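Asker: Sharing a structure with you now.
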Amino acid sequence: MRLQFLAIAALAAATTVDPLSVPISDVLYDVTFDSATAYKRTINVVMSFNTRGAGDVILSLPAWTPGEYEIDNFVRHVTQFAATEGSSPATWNKIDQDTWRIHSSRAGPMRVSFDYLAMTLDNAAAWTKPEFAFFNGTNLFLYPEGQSAEFPATVVVHTVPTWKIATGMTQTSPNTFTASNYHDLVDMPFFVGRFDLDSALAGGKQMRFASYPAEALSNSTRRMVLDQLAKIVPAEAAVFGEIPWNSYTVLQVADSEYSPGAAAGLEHQNSHFDILSVQVLGNPVLASLYAHEIFHAWNVKRLRPAEMWPYKYDRPQPTPLLWISEGITDYYADLAEVRTGLTTPDQFYSTTTGKTEEVSNAPPVSLEDASLTTWVKPLDGTEDIYYPKGSLAGFLLDIMIRDASDNQHSLDTVMRDMYQSDYKRGRGFTNEEWWAAVSRAANGRSFATFASRYVDGRDPFPYDSVLPLAGLRLTADRTVLPNLGISTSRDEQGYKVIELNPAGTAIVAGVKVGDYLVSLGGLEFGNPDFGPAFNAKFGAMPPGGIIPVVVRRGTQDVTLNAKANFRTSEQTRIVPISGASPKAVRIREGILRGK
Ligand SMILES: [Zn+2]
């Protein structure tokens with residue numbers, strides 16, 4: 001799969017020649033959002049720069065926002081495009097769907113301007129309300145084709161004087177922000193307008209929490225969020241040994257327009273942006289979303305698969321390693337929570353069990369294939385499976401590394417090693433480098449079989465052999481429940497029979513619609529312990545036995561005899577093994593406490 005992809009990429013590179021712009025410098029973006037543009041739901045952008053001479057200035061708008069892994073074609077939202085050279089209109093045309101060619105007749109100042117229609121409630125996009133806007137740099141900021149991304153840029157925001165601005169960009173005056181290169185420029189989304197902005201310290205660095213709408217969250221809820229962030233940051237920084245920002249901003253929007261119950265985050269190098277439905281606003285479980293997005297500041301924004309290094313904004317950048325960037329980030333979000341006491345070990349086991357169920361309910365797909373395919377959003381039920389499945393792969397690798405090194409090394413060792421040897425050397429990492437780092441951490445143990453069966457291949461994960469190394473096991477509790485074909489509905493008199501399955505044994509025994517179900521097998525129906533008690537009493541009964549059914553018909557209790565028929569439900573759980581070896585206990589504690 002990976003080889004096939006590389007062949008296609010090579011072919012595409014051979015047939016695509018990127019255009020080359022006349023060099024430009026002194027790039028300034030003026031962004032206007034005020035009551036007047038809010039009324040039109042637009043954001044006005046003016047890009048000013050100096051050209052170095054005569055020729056074609058070729059400017060493109062990104063087609064996607066990194067982290068979103070989908071082509072959004074932001075150019076669709078551009079209206080009223082215009083270009084001037086000095087004070088005269090300049091000639092321009094488009095040379096592909098998101099690229100403009102503007103004729104420069106001499107060295108000197110040029111400007112291009114447009115209105116951006118901002119009504120997409122999505123973390124990768126731009127959206128306005130009467131007194132609020134958010135936007136991503138990928139939506140608004142054009143870049144010169146064929147020129148290094150290492151050009152500095154300034155953004156000036158023109159807005160209502162009493163409105164606030166929040167962004168991860170460096171602020172040089174109240175409305176002026178700078179970035180030293182284009183990648184940073186488009187990695188720092190903005191809030192402009194009326195919203196709450198609180199700050200505290202997290203891991204000794206400034207942590208800001210920007211929340212829209214203003215006053216949607218109480219002071220105590222905002223403080224709870226900052227307390228959660230203050231726990232998460234040091235726990236995650238401990239994996240890598242540093243906090244790579246001076247200030248970090250959590251940008252959060254809640255709106256009734258968003259899918260009920262949904263919450264989605266998008267990571268950046270010194271901020272992240274969450275959009276929530278109003279139903280989940282203020283819910284303490286959002287800590288797991290914050291922990292996931294903040295971990296990305298190291299894992300994917302800095303330590304990143306080579307296929308996405310550097311980001312290219314005009315095309316998809318599929319990688320077979322997204323399971324590391326997303327799934328292992330998800331594993332570390334769970335670890336950050338349990339290591340800081342935001343969750344209990346039992347909650348960690350239960351979250352992890354939930355992931356095993358997600359994987360077993362999805363069609364078998366390899367982590368590498370699922371990673372590669374995300375850009376096309378497959379409809380076969382595997383679209384997001386590299387999150388839970390990648391998280392479980394991280395969990396298993398963590399256990400195996402700790403086992404091979406007697407808990408001296410862990411997956412943390414791998415993450416830190418890769419961060420130093422790839423990100424710090426200014427490059428992305430390869431699959432080979434990943435497995436070499438895993439093997440190094442495990443004192444030289446080979447992971448070739450694990451990689452080929454469970455990461456490149458589709459074999460079911462070896463929970464039974466790996467979890468016990470950490471004093472854990474995955475158990476399945478099988479429960480027997482009656483299946484006599486009776487449907488009841490509760491009213492003030494009890495459990496009324498409303499429907500009988502014509503093929504069920506209750507109807508044969510003489511149960512009638514309108515009866516009230518009193519007991520089954522001598523056990524009071526509706527009692528909270530009915531399920532476990534029934535399982536205990538009848539779990540071993542062979543089919544064909546008789547179960548007494550007591551119904552109240554009018555004022556009389558009637559006992560009927562139904563032929564036994566059962567269904568089983570299976571509940572899996574990850575549980576600690578009592579009496580596990582001291583080494584296995586060390587490993588389990590090491591995972592839960594980060595040692
Ligand atoms: Zn993520």
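Residue numbering restarts at 1 in every chain; chains get A, B, ... in the order shown in the structure tokens, and ligands count up from 1 in that same order.
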Using only C-alpha atoms and all ligand atoms, find each protein or nucleic acid residue lying at most 12 Å from ligand 1; present the set as an mmCIF file with N, CA and C atoms, in the first residue's frame.

Answerer:
```cif
data_model
loop_
_atom_site.group_PDB
_atom_site.id
_atom_site.type_symbol
_atom_site.label_atom_id
_atom_site.label_comp_id
_atom_site.auth_asym_id
_atom_site.auth_seq_id
_atom_site.Cartn_x
_atom_site.Cartn_y
_atom_site.Cartn_z
ATOM 1 N N PRO A 66 -3.816 22.324 8.063
ATOM 2 C CA PRO A 66 -3.174 21.155 8.654
ATOM 3 C C PRO A 66 -3.878 20.692 9.933
ATOM 4 N N GLY A 67 -3.960 19.365 10.054
ATOM 5 C CA GLY A 67 -4.686 18.762 11.174
ATOM 6 C C GLY A 67 -6.081 18.318 10.758
ATOM 7 N N GLU A 68 -6.630 18.959 9.746
ATOM 8 C CA GLU A 68 -7.991 18.628 9.311
ATOM 9 C C GLU A 68 -7.986 17.472 8.295
ATOM 10 N N TYR A 69 -6.912 17.308 7.550
ATOM 11 C CA TYR A 69 -6.763 16.195 6.605
ATOM 12 C C TYR A 69 -7.949 16.059 5.654
ATOM 13 N N ALA A 264 -15.304 19.136 18.843
ATOM 14 C CA ALA A 264 -14.165 18.825 17.981
ATOM 15 C C ALA A 264 -13.063 19.836 18.222
ATOM 16 N N GLY A 265 -11.829 19.363 18.236
ATOM 17 C CA GLY A 265 -10.684 20.249 18.437
ATOM 18 C C GLY A 265 -9.749 20.201 17.254
ATOM 19 N N LEU A 266 -8.999 21.289 17.059
ATOM 20 C CA LEU A 266 -7.967 21.299 16.020
ATOM 21 C C LEU A 266 -6.701 21.901 16.620
ATOM 22 N N GLU A 267 -5.597 21.156 16.468
ATOM 23 C CA GLU A 267 -4.354 21.491 17.139
ATOM 24 C C GLU A 267 -3.514 22.507 16.370
ATOM 25 N N HIS A 268 -2.745 23.286 17.139
ATOM 26 C CA HIS A 268 -1.752 24.198 16.571
ATOM 27 C C HIS A 268 -0.532 24.201 17.481
ATOM 28 N N HIS A 272 -4.948 25.739 20.558
ATOM 29 C CA HIS A 272 -5.830 24.839 19.831
ATOM 30 C C HIS A 272 -7.226 25.420 19.873
ATOM 31 N N PHE A 273 -8.057 24.917 18.974
ATOM 32 C CA PHE A 273 -9.346 25.541 18.732
ATOM 33 C C PHE A 273 -10.429 24.464 18.824
ATOM 34 N N ASP A 274 -11.310 24.615 19.823
ATOM 35 C CA ASP A 274 -12.395 23.654 20.024
ATOM 36 C C ASP A 274 -13.725 24.273 19.638
ATOM 37 N N SER A 288 -10.476 15.670 28.389
ATOM 38 C CA SER A 288 -9.827 14.695 27.500
ATOM 39 C C SER A 288 -9.595 15.302 26.112
ATOM 40 N N LEU A 289 -10.496 16.182 25.678
ATOM 41 C CA LEU A 289 -10.286 16.880 24.397
ATOM 42 C C LEU A 289 -9.094 17.841 24.514
ATOM 43 N N TYR A 290 -9.051 18.620 25.603
ATOM 44 C CA TYR A 290 -7.920 19.543 25.788
ATOM 45 C C TYR A 290 -6.606 18.754 25.834
ATOM 46 N N ALA A 291 -6.604 17.622 26.556
ATOM 47 C CA ALA A 291 -5.370 16.838 26.708
ATOM 48 C C ALA A 291 -4.910 16.307 25.353
ATOM 49 N N HIS A 292 -5.857 15.909 24.505
ATOM 50 C CA HIS A 292 -5.512 15.417 23.171
ATOM 51 C C HIS A 292 -4.896 16.550 22.339
ATOM 52 N N GLU A 293 -5.573 17.681 22.277
ATOM 53 C CA GLU A 293 -5.102 18.770 21.407
ATOM 54 C C GLU A 293 -3.775 19.340 21.889
ATOM 55 N N ILE A 294 -3.598 19.445 23.208
ATOM 56 C CA ILE A 294 -2.336 20.004 23.720
ATOM 57 C C ILE A 294 -1.182 19.042 23.437
ATOM 58 N N PHE A 295 -1.417 17.740 23.557
ATOM 59 C CA PHE A 295 -0.334 16.781 23.261
ATOM 60 C C PHE A 295 0.126 16.920 21.805
ATOM 61 N N HIS A 296 -0.805 17.275 20.929
ATOM 62 C CA HIS A 296 -0.444 17.500 19.519
ATOM 63 C C HIS A 296 0.594 18.611 19.339
ATOM 64 N N ALA A 297 0.681 19.543 20.294
ATOM 65 C CA ALA A 297 1.675 20.619 20.139
ATOM 66 C C ALA A 297 3.072 20.007 20.001
ATOM 67 N N TRP A 298 3.290 18.854 20.661
ATOM 68 C CA TRP A 298 4.548 18.124 20.458
ATOM 69 C C TRP A 298 4.380 17.122 19.309
ATOM 70 N N ASN A 299 3.357 16.273 19.433
ATOM 71 C CA ASN A 299 3.216 15.149 18.502
ATOM 72 C C ASN A 299 2.296 15.514 17.334
ATOM 73 N N VAL A 300 2.856 15.929 16.269
ATOM 74 C CA VAL A 300 2.333 16.251 14.930
ATOM 75 C C VAL A 300 2.609 17.708 14.555
ATOM 76 N N LYS A 301 2.484 18.655 15.510
ATOM 77 C CA LYS A 301 2.847 20.019 15.137
ATOM 78 C C LYS A 301 4.370 20.139 15.084
ATOM 79 N N LEU A 322 -0.327 8.284 10.361
ATOM 80 C CA LEU A 322 -1.247 9.129 11.125
ATOM 81 C C LEU A 322 -1.704 8.451 12.424
ATOM 82 N N TRP A 323 -1.636 7.114 12.452
ATOM 83 C CA TRP A 323 -1.985 6.404 13.697
ATOM 84 C C TRP A 323 -1.053 6.812 14.833
ATOM 85 N N ILE A 324 0.205 7.176 14.498
ATOM 86 C CA ILE A 324 1.128 7.654 15.531
ATOM 87 C C ILE A 324 0.734 9.077 15.943
ATOM 88 N N SER A 325 0.446 9.910 14.935
ATOM 89 C CA SER A 325 0.127 11.313 15.226
ATOM 90 C C SER A 325 -1.211 11.457 15.952
ATOM 91 N N GLU A 326 -2.186 10.628 15.606
ATOM 92 C CA GLU A 326 -3.512 10.761 16.215
ATOM 93 C C GLU A 326 -3.771 9.722 17.310
ATOM 94 N N GLY A 327 -3.530 8.437 16.991
ATOM 95 C CA GLY A 327 -3.857 7.391 17.953
ATOM 96 C C GLY A 327 -2.991 7.478 19.204
ATOM 97 N N ILE A 328 -1.694 7.666 19.012
ATOM 98 C CA ILE A 328 -0.807 7.722 20.183
ATOM 99 C C ILE A 328 -1.048 9.012 20.961
ATOM 100 N N THR A 329 -1.434 10.075 20.264
ATOM 101 C CA THR A 329 -1.853 11.300 20.971
ATOM 102 C C THR A 329 -3.060 11.008 21.857
ATOM 103 N N ASP A 330 -3.973 10.218 21.339
ATOM 104 C CA ASP A 330 -5.162 9.869 22.124
ATOM 105 C C ASP A 330 -4.790 9.033 23.356
ATOM 106 N N TYR A 331 -3.835 8.115 23.185
ATOM 107 C CA TYR A 331 -3.354 7.318 24.321
ATOM 108 C C TYR A 331 -2.761 8.237 25.392
ATOM 109 N N TYR A 332 -1.932 9.202 24.955
ATOM 110 C CA TYR A 332 -1.317 10.098 25.933
ATOM 111 C C TYR A 332 -2.322 11.045 26.573
ATOM 112 N N ALA A 333 -3.415 11.348 25.884
ATOM 113 C CA ALA A 333 -4.466 12.153 26.530
ATOM 114 C C ALA A 333 -5.049 11.367 27.702
ATOM 115 N N ASP A 384 -12.424 6.823 11.106
ATOM 116 C CA ASP A 384 -11.660 7.380 12.230
ATOM 117 C C ASP A 384 -11.045 6.296 13.109
ATOM 118 N N TYR A 386 -8.278 4.816 13.153
ATOM 119 C CA TYR A 386 -6.873 4.892 13.561
ATOM 120 C C TYR A 386 -6.710 5.666 14.873
ATOM 121 N N TYR A 387 -7.757 6.359 15.326
ATOM 122 C CA TYR A 387 -7.684 6.980 16.669
ATOM 123 C C TYR A 387 -7.708 5.895 17.753
ATOM 124 N N PRO A 388 -8.827 5.157 17.917
ATOM 125 C CA PRO A 388 -8.822 4.155 19.000
ATOM 126 C C PRO A 388 -7.827 3.027 18.745
ATOM 127 N N GLY A 390 -5.005 3.126 16.973
ATOM 128 C CA GLY A 390 -3.640 3.633 17.172
ATOM 129 C C GLY A 390 -3.342 3.821 18.649
ATOM 130 N N SER A 391 -4.362 4.248 19.405
ATOM 131 C CA SER A 391 -4.193 4.422 20.845
ATOM 132 C C SER A 391 -3.882 3.077 21.508
#
```

Asker: List every residue of range 46-276 of chain A that DSSP, applied to the backbone of this structure, places in alpha helix (DSSP H), and write the result as a ChimeraX atom specification.

Answerer: /A:137-140,182-185,219-240

Asker: Could you pull the residues within 10 Å of Lys94 in chain A, counting only C-alpha atoms, minus those fewer than 6 positions along the same chain, as a list in words?

Answerer: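 Contacts, in chain order: Ile58, Leu59, Ser60, Trp100, Arg101 and Ile102 of chain A.
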
Asker: Using only C-alpha atoms, which residue out of A:Thr159, A:Asn535, A:Thr42, A:Ser581 lies closest to Thr79 in chain A?

Answerer: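 When distances to Thr79 in chain A are compared using only C-alpha atoms, the smallest one comes from A:Thr42.
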
Asker: Looking at A:Thr374, A:Thr162, A:Ser48, A:Ser578, which one is nearest to Phe195 in chain A, with distances taken over only C-alpha atoms?

Answerer: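 Nearest to Phe195 in chain A: A:Thr162.
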
Asker: Would you mind listing, for every residue of range 439-491 of chain A within 10 Å of range 583-589 of chain A, the two atoms forming the shortest contact and the distance between them in Å to one decimal, using only C-alpha atoms, sorted by chain and ascending residue number, as CSV?

Answerer:
```
residue,atom,partner,partner_atom,distance
A:Leu467,CA,A:Ala584,CA,9.3
A:Pro468,CA,A:Ala584,CA,7.2
A:Leu469,CA,A:Ala584,CA,5.2
A:Ala470,CA,A:Ala584,CA,4.4
A:Gly471,CA,A:Ala584,CA,4.9
A:Leu472,CA,A:Arg588,CA,7.8
```

Asker: I'd like to know which of A:Thr351, A:Met541, A:Leu367, A:Ala235 is closest to Arg593 in chain A, using only C-alpha atoms.

Answerer: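 Once distances to Arg593 in chain A are computed over only C-alpha atoms, the minimum belongs to A:Ala235.
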
Asker: Taking 4 positions as the minimum chain separation for residues in the same chain, which residues sit within 9 Å of Asp398 in chain A when counting only C-alpha atoms? Answer as a list of chain:residue names.

Answerer: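 Close residues of Asp398 in chain A: A:Ala393, A:Gly394, A:Arg402, A:Asp403, A:His409, A:Ser410, A:Leu411, A:Asp412, A:Ile591.
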
Asker: With a distance cut-off of 12 Å and only C-alpha atoms, select the neighbouring residues of Lys424 in chain A, excluding the residue or stretch itself and same-chain residues fewer than 3 positions from it, and output the selection as a list of chain:residue names.

Answerer: A:Phe240, A:Glu242, A:Pro244, A:Trp298, A:Arg302, A:Leu303, A:Arg304, A:Arg416, A:Asp417, A:Met418, A:Tyr419, A:Gln420, A:Ser421, A:Arg427, A:Gly428, A:Phe429

Asker: Atoms to include: N, CA, C and O atoms. Write the selected residues as an mmCIF file, in the first residue's frame.

Answerer:
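Wrote again_23.cif, looks like this:
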```cif
data_model
loop_
_atom_site.group_PDB
_atom_site.id
_atom_site.type_symbol
_atom_site.label_atom_id
_atom_site.label_comp_id
_atom_site.auth_asym_id
_atom_site.auth_seq_id
_atom_site.Cartn_x
_atom_site.Cartn_y
_atom_site.Cartn_z
ATOM 1 N N PHE A 240 8.275 14.748 26.980
ATOM 2 C CA PHE A 240 9.254 15.286 26.026
ATOM 3 C C PHE A 240 10.388 16.059 26.699
ATOM 4 O O PHE A 240 11.404 16.337 26.068
ATOM 5 N N GLU A 242 10.265 19.212 27.733
ATOM 6 C CA GLU A 242 10.238 20.670 27.573
ATOM 7 C C GLU A 242 8.843 21.141 27.191
ATOM 8 O O GLU A 242 8.034 20.373 26.656
ATOM 9 N N PRO A 244 7.435 23.770 24.683
ATOM 10 C CA PRO A 244 8.025 24.546 23.585
ATOM 11 C C PRO A 244 7.267 25.829 23.251
ATOM 12 O O PRO A 244 7.268 26.244 22.111
ATOM 13 N N TRP A 298 3.290 18.854 20.661
ATOM 14 C CA TRP A 298 4.548 18.124 20.458
ATOM 15 C C TRP A 298 4.380 17.122 19.309
ATOM 16 O O TRP A 298 5.179 17.112 18.385
ATOM 17 N N ARG A 302 5.075 19.388 15.907
ATOM 18 C CA ARG A 302 6.544 19.441 15.894
ATOM 19 C C ARG A 302 7.110 18.093 15.420
ATOM 20 O O ARG A 302 7.717 18.019 14.366
ATOM 21 N N LEU A 303 6.897 17.036 16.184
ATOM 22 C CA LEU A 303 7.305 15.695 15.734
ATOM 23 C C LEU A 303 6.256 15.216 14.724
ATOM 24 O O LEU A 303 5.097 15.021 15.097
ATOM 25 N N ARG A 304 6.651 15.075 13.453
ATOM 26 C CA ARG A 304 5.646 14.889 12.402
ATOM 27 C C ARG A 304 6.137 13.896 11.332
ATOM 28 O O ARG A 304 7.328 13.894 11.006
ATOM 29 N N ARG A 416 10.338 10.868 23.194
ATOM 30 C CA ARG A 416 11.372 11.859 23.473
ATOM 31 C C ARG A 416 12.559 11.689 22.520
ATOM 32 O O ARG A 416 13.110 12.673 22.007
ATOM 33 N N ASP A 417 12.906 10.431 22.257
ATOM 34 C CA ASP A 417 14.005 10.111 21.348
ATOM 35 C C ASP A 417 13.713 10.670 19.941
ATOM 36 O O ASP A 417 14.545 11.365 19.336
ATOM 37 N N MET A 418 12.503 10.420 19.453
ATOM 38 C CA MET A 418 12.123 10.889 18.117
ATOM 39 C C MET A 418 12.063 12.419 18.065
ATOM 40 O O MET A 418 12.435 13.046 17.079
ATOM 41 N N TYR A 419 11.559 13.016 19.132
ATOM 42 C CA TYR A 419 11.441 14.480 19.212
ATOM 43 C C TYR A 419 12.832 15.107 19.071
ATOM 44 O O TYR A 419 13.022 16.083 18.349
ATOM 45 N N GLN A 420 13.806 14.485 19.754
ATOM 46 C CA GLN A 420 15.178 14.998 19.685
ATOM 47 C C GLN A 420 15.818 14.711 18.330
ATOM 48 O O GLN A 420 16.438 15.578 17.736
ATOM 49 N N SER A 421 15.647 13.471 17.844
ATOM 50 C CA SER A 421 16.435 13.083 16.670
ATOM 51 C C SER A 421 15.779 13.509 15.360
ATOM 52 O O SER A 421 16.458 13.576 14.341
ATOM 53 N N ARG A 427 13.386 17.951 10.729
ATOM 54 C CA ARG A 427 12.868 17.063 9.691
ATOM 55 C C ARG A 427 11.727 16.203 10.238
ATOM 56 O O ARG A 427 11.546 16.085 11.453
ATOM 57 N N GLY A 428 10.995 15.599 9.299
ATOM 58 C CA GLY A 428 9.930 14.680 9.679
ATOM 59 C C GLY A 428 10.512 13.289 9.902
ATOM 60 O O GLY A 428 11.654 13.018 9.537
ATOM 61 N N PHE A 429 9.698 12.392 10.501
ATOM 62 C CA PHE A 429 10.214 11.047 10.785
ATOM 63 C C PHE A 429 9.606 10.030 9.826
ATOM 64 O O PHE A 429 8.519 10.233 9.286
#
```

Asker: I'd like the interatomic distance between CA of Asn175 in chain A and CA of Trp245 in chain A, to a tenth of an Å.

Answerer: 21.2 Å

Asker: So what do you get for CA of Ala90 in chain A versus CA of Ala149 in chain A, distance-wise?

Answerer: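 Taking CA of Ala90 in chain A and CA of Ala149 in chain A, their separation equals 24.6 Å.
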
Asker: For CA of Leu484 in chain A and CA of Leu520 in chain A, determine how far apart the two atoms are, in Å to one decimal place.

Answerer: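 It comes out at 10.0 Å.
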
Asker: Mind checking which residues fall within 12 Å of Pro161 in chain A, counting only C-alpha atoms, ignoring those fewer than 6 positions away in the same chain, and posting them as a PDB file with N, CA and C atoms, in the first residue's frame?

Answerer:
```pdb
ATOM      1  N   PHE A  33     -12.534  43.257  10.560  1.00  0.00           N
ATOM      2  CA  PHE A  33     -13.810  42.665  10.983  1.00  0.00           C
ATOM      3  C   PHE A  33     -14.420  43.616  12.002  1.00  0.00           C
ATOM      4  N   ASP A  34     -15.550  44.211  11.652  1.00  0.00           N
ATOM      5  CA  ASP A  34     -16.228  45.119  12.574  1.00  0.00           C
ATOM      6  C   ASP A  34     -17.736  44.933  12.375  1.00  0.00           C
ATOM      7  N   SER A  35     -18.531  45.822  12.952  1.00  0.00           N
ATOM      8  CA  SER A  35     -19.987  45.648  12.869  1.00  0.00           C
ATOM      9  C   SER A  35     -20.462  45.646  11.419  1.00  0.00           C
ATOM     10  N   PRO A 174      -1.258  46.752  20.225  1.00  0.00           N
ATOM     11  CA  PRO A 174      -2.568  46.156  20.530  1.00  0.00           C
ATOM     12  C   PRO A 174      -3.222  45.435  19.349  1.00  0.00           C
ATOM     13  N   ASN A 175      -3.029  45.923  18.133  1.00  0.00           N
ATOM     14  CA  ASN A 175      -3.704  45.302  16.990  1.00  0.00           C
ATOM     15  C   ASN A 175      -2.737  44.697  15.971  1.00  0.00           C
ATOM     16  N   VAL A 192     -11.765  37.365  17.210  1.00  0.00           N
ATOM     17  CA  VAL A 192     -11.922  38.823  17.241  1.00  0.00           C
ATOM     18  C   VAL A 192     -13.363  39.114  17.664  1.00  0.00           C
ATOM     19  N   GLY A 193     -13.532  39.978  18.670  1.00  0.00           N
ATOM     20  CA  GLY A 193     -14.894  40.363  19.044  1.00  0.00           C
ATOM     21  C   GLY A 193     -15.122  40.309  20.535  1.00  0.00           C
ATOM     22  N   ARG A 194     -16.352  39.963  20.921  1.00  0.00           N
ATOM     23  CA  ARG A 194     -16.691  39.872  22.347  1.00  0.00           C
ATOM     24  C   ARG A 194     -16.604  38.405  22.772  1.00  0.00           C
TER      25      ARG A 194
END
```

Asker: Nearest residue to Glu131 in chain A out of A:Phe525, A:Tyr463, A:Phe566, A:Phe191, using only C-alpha atoms?

Answerer: A:Phe191
